[in-house]
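Below is one structure, written out as structure tokens; comments come after it.
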Amino acid sequence: MPIWEVYSCFYGLSLSRLFPYRQLLEELNSALDIKTGHCVLDAGCGPGLVIEKVIRENKSKGISITGVDFSRAMLRQARRRCRGEAAVKLHVADLNKELEFGDDTFDRVICSNTLYALQSPARTIAELRRVLKPGGLLVAANPKPEAGQRQIMNEHVAAIKKLTPLHRRVHGFVVTLSLTPVNLIVMAINRTIIDRGRAKGYHFLDEEGLRNALLEAGFCDIEIRSCYADQDWLVRAPK
Ligand SMILES: C[S@@+](CC[C@H](N)C(=O)[O-])C[C@H]1O[C@@H](n2cnc3c(N)ncnc32)[C@H](O)[C@@H]1O
């Protein structure tokens with residue numbers, strides 16, 4: 001748990017300015033294909049960046065989102081980020097255990113960059129499937145076995161180069177100068193996570209491993225493609 005408590009202080013500040021992460025948020029939101037009145041679960045919601053994006057992009061649809069995470073520090077950040085959003089509910093929950101939601105509760109379940117850190121991704125995916133309504137959809141992102149930070153940083157720099165000269169200067173100032181210490185800490189934490197992933201202490205899965213975990217959990221129509229500067233898999237699996 002402590003790694004997430006420390007990460008919570010820096011995660012939102014750094015990643016919300018990282019262009020490949022913003023692109024990941026776009027892709028998660030469009031993969032979700034949210035419809036009016038949908039009830040959504042974000043499993044491992046962290047500091048609420050995904051929830052914030054989904055709420056913002058689906059404003060007029062009257063949706064509700066429940067975010068769960070076992071890190072109270074992450075949830076504090078999520079509460080701050082989603083302050084004033086009556087449609088957002090945030091709870092402490094350990095995804096290694098049974099969830100306190102009934103069967104067939106949610107239209108959409110998101111699990112972004114969290115499965116890898118769990119004891120058994122297949123067991124948790126089965127639990128996420130249980131709380132999905134029939135016809136509902138799981139959207140998940142998870143690092144590939146060879147995931148690293150270099151490609152993400154390269155795509156970030158390429159995106160900055162495409163900005164107008166004024167935006168490039170503003171972005172360069174905000175990110176490069178004011179956030180340098182934060183970004184360095186985030187990169188160090190990510191290094192720890194990546195080293196653990198490569199040493200198989202975390203579930204950085206290849207496509208087959210991820211598909212097998214989804215099949216074991218009861219999903220059949222599984223779409224898997226690359227995302228997040230090709231460092232993650234993006235999964236879409238209907239129940
Ligand atoms: C890398 S962050 C991802 C946050 C968010 N989903 C996103 O994509 O920005 C991983 C999150 O998983 C949470 N997490 C890890 N293990 C967990 C568990 N067993 N139960 C609940 N949350 C867990 C951490 O606290 C952290 O907030």
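Every chain in the structure tokens has a letter given in the order shown (A, B, ...), and although residue numbers restart at 1 in each chain, ligands are simply numbered from 1 in the order shown.
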
Q.
To check your reading of the model: which residues sit at most 8 Å from ligand 1 when counting only C-alpha atoms and all ligand atoms? Write the answer as a ChimeraX atom specification.
A. /A:1,4-5,8,11-12,15,42-50,68-71,74-75,92-97,110-115,117-119,141

Output C-alpha atoms for every residue in that selection, as a tab-separated table (two decimals), in the first residue's frame.
```tsv
chain	number	residue	atom	x	y	z
A	1	MET	CA	0.00	0.00	0.00
A	4	TRP	CA	0.20	4.30	-3.68
A	5	GLU	CA	0.03	6.62	-0.68
A	8	SER	CA	-1.14	9.94	-4.68
A	11	TYR	CA	0.14	11.26	-9.73
A	12	GLY	CA	-2.65	13.69	-10.68
A	15	LEU	CA	-0.11	12.69	-15.38
A	42	ASP	CA	-14.13	2.79	-11.85
A	43	ALA	CA	-12.19	0.00	-10.12
A	44	GLY	CA	-8.87	1.33	-8.84
A	45	CYS	CA	-9.88	4.92	-9.54
A	46	GLY	CA	-6.72	6.46	-8.05
A	47	PRO	CA	-6.92	10.26	-7.86
A	48	GLY	CA	-10.01	10.35	-10.09
A	49	LEU	CA	-8.56	11.52	-13.41
A	50	VAL	CA	-10.55	8.93	-15.37
A	68	VAL	CA	-13.26	2.45	-5.55
A	69	ASP	CA	-9.65	2.21	-4.44
A	70	PHE	CA	-7.89	0.77	-1.40
A	71	SER	CA	-5.69	3.82	-0.96
A	74	MET	CA	-5.74	8.34	-3.59
A	75	LEU	CA	-9.41	8.64	-2.67
A	92	VAL	CA	-12.59	2.35	-0.01
A	93	ALA	CA	-12.47	-1.20	-1.40
A	94	ASP	CA	-9.78	-3.82	-1.86
A	95	LEU	CA	-9.98	-5.31	-5.34
A	96	ASN	CA	-8.30	-8.48	-4.07
A	97	LYS	CA	-11.51	-9.17	-2.17
A	110	ILE	CA	-13.43	0.73	-16.01
A	111	CYS	CA	-10.19	-0.68	-14.66
A	112	SER	CA	-7.28	1.44	-15.81
A	113	ASN	CA	-3.69	0.53	-14.97
A	114	THR	CA	-4.68	-1.32	-11.81
A	115	LEU	CA	-5.08	-5.03	-12.72
A	117	ALA	CA	-0.99	-4.63	-9.12
A	118	LEU	CA	-3.58	-7.17	-7.95
A	119	GLN	CA	-2.99	-10.67	-6.56
A	141	ALA	CA	-5.94	-0.81	-19.60
```

task = Would you mind writing down, as a PyMOL selection string, each residue of range 55-210 of chain A that DSSP on the backbone assigns to strand (DSSP E or B)?
result = chain A and resi 64-69+88-92+106-112+132-143

Take the residues from that selection and write them out as an mmCIF file, in the first residue's frame, keeping C-alpha atoms.
```
data_model
loop_
_atom_site.group_PDB
_atom_site.id
_atom_site.type_symbol
_atom_site.label_atom_id
_atom_site.label_comp_id
_atom_site.auth_asym_id
_atom_site.auth_seq_id
_atom_site.Cartn_x
_atom_site.Cartn_y
_atom_site.Cartn_z
ATOM 1 C CA SER A 64 -23.495 8.178 -12.162
ATOM 2 C CA ILE A 65 -19.970 6.953 -11.346
ATOM 3 C CA THR A 66 -18.724 4.988 -8.368
ATOM 4 C CA GLY A 67 -14.968 4.960 -7.827
ATOM 5 C CA VAL A 68 -13.260 2.453 -5.552
ATOM 6 C CA ASP A 69 -9.648 2.206 -4.437
ATOM 7 C CA VAL A 88 -19.737 10.659 -8.167
ATOM 8 C CA LYS A 89 -19.467 8.317 -5.187
ATOM 9 C CA LEU A 90 -16.099 7.202 -3.836
ATOM 10 C CA HIS A 91 -15.477 4.245 -1.525
ATOM 11 C CA VAL A 92 -12.594 2.349 -0.011
ATOM 12 C CA PHE A 106 -23.176 -1.464 -13.467
ATOM 13 C CA ASP A 107 -23.564 -0.698 -17.194
ATOM 14 C CA ARG A 108 -19.859 0.032 -17.553
ATOM 15 C CA VAL A 109 -16.794 -0.987 -15.551
ATOM 16 C CA ILE A 110 -13.432 0.733 -16.010
ATOM 17 C CA CYS A 111 -10.190 -0.681 -14.658
ATOM 18 C CA SER A 112 -7.281 1.444 -15.813
ATOM 19 C CA LEU A 132 -21.625 -5.793 -14.701
ATOM 20 C CA LYS A 133 -25.156 -5.937 -16.053
ATOM 21 C CA PRO A 134 -25.744 -8.382 -18.929
ATOM 22 C CA GLY A 135 -24.962 -6.360 -22.068
ATOM 23 C CA GLY A 136 -22.624 -4.162 -20.016
ATOM 24 C CA LEU A 137 -19.013 -3.496 -20.952
ATOM 25 C CA LEU A 138 -15.639 -3.798 -19.230
ATOM 26 C CA VAL A 139 -12.975 -1.344 -20.412
ATOM 27 C CA ALA A 140 -9.510 -1.926 -19.009
ATOM 28 C CA ALA A 141 -5.938 -0.812 -19.602
ATOM 29 C CA ASN A 142 -2.906 -2.787 -18.451
ATOM 30 C CA PRO A 143 0.844 -2.507 -19.128
#
```

Return as an MDAnalysis selection string the full set of residues in range 80-194 of chain A whose backbone-based DSSP assignment is alpha helix (DSSP H).
chainID A and resid 80:81 121:131 150:161 165:171 180:194

Please produce an output containing C-alpha atoms for each residue in the selection, written as a tab-separated table (two decimals), in the first residue's frame.
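For reference, out26.tsv as written:
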```tsv
chain	number	residue	atom	x	y	z
A	80	ARG	CA	-10.90	16.89	-4.23
A	81	ARG	CA	-10.91	16.45	-8.00
A	121	PRO	CA	-6.14	-10.26	-12.29
A	122	ALA	CA	-8.39	-13.13	-13.48
A	123	ARG	CA	-10.12	-13.37	-10.09
A	124	THR	CA	-10.73	-9.62	-9.94
A	125	ILE	CA	-11.87	-9.52	-13.58
A	126	ALA	CA	-14.43	-12.24	-12.70
A	127	GLU	CA	-15.62	-10.06	-9.82
A	128	LEU	CA	-15.87	-7.04	-12.16
A	129	ARG	CA	-17.86	-9.20	-14.58
A	130	ARG	CA	-20.19	-10.27	-11.77
A	131	VAL	CA	-21.13	-6.63	-11.00
A	150	ARG	CA	10.91	6.19	-22.80
A	151	GLN	CA	8.24	5.81	-25.51
A	152	ILE	CA	5.72	7.71	-23.38
A	153	MET	CA	8.19	10.59	-22.94
A	154	ASN	CA	9.04	10.55	-26.67
A	155	GLU	CA	5.35	10.86	-27.56
A	156	HIS	CA	4.93	13.59	-24.96
A	157	VAL	CA	7.79	15.61	-26.49
A	158	ALA	CA	6.42	14.99	-30.01
A	159	ALA	CA	3.03	16.33	-28.88
A	160	ILE	CA	4.64	19.45	-27.36
A	161	LYS	CA	6.46	20.08	-30.65
A	165	PRO	CA	4.85	28.49	-30.38
A	166	LEU	CA	2.93	30.31	-27.60
A	167	HIS	CA	1.43	27.10	-26.16
A	168	ARG	CA	4.79	25.39	-26.46
A	169	ARG	CA	6.39	28.14	-24.40
A	170	VAL	CA	3.61	28.11	-21.76
A	171	HIS	CA	3.60	24.31	-21.60
A	180	THR	CA	10.25	19.16	-12.71
A	181	PRO	CA	10.56	17.92	-9.10
A	182	VAL	CA	7.11	16.29	-9.27
A	183	ASN	CA	7.87	14.64	-12.61
A	184	LEU	CA	11.18	13.31	-11.33
A	185	ILE	CA	9.47	11.71	-8.34
A	186	VAL	CA	6.78	10.22	-10.59
A	187	MET	CA	9.44	8.81	-12.92
A	188	ALA	CA	11.25	7.27	-9.95
A	189	ILE	CA	8.03	5.66	-8.67
A	190	ASN	CA	7.23	4.41	-12.18
A	191	ARG	CA	10.75	2.97	-12.40
A	192	THR	CA	10.02	0.96	-9.24
A	193	ILE	CA	6.70	-0.24	-10.68
A	194	ILE	CA	8.28	-1.13	-14.04
```

Across A:Asp206, A:Gln77, A:Thr164, A:Ala237, the smallest distance to Cys220 in chain A, with only C-alpha atoms counted, is shown by A:Ala237

What is the CA of Ile222 in chain A-CA of Val235 in chain A distance in Å, reported with one decimal?
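Between CA of Ile222 in chain A and CA of Val235 in chain A the gap is 7.1 Å.
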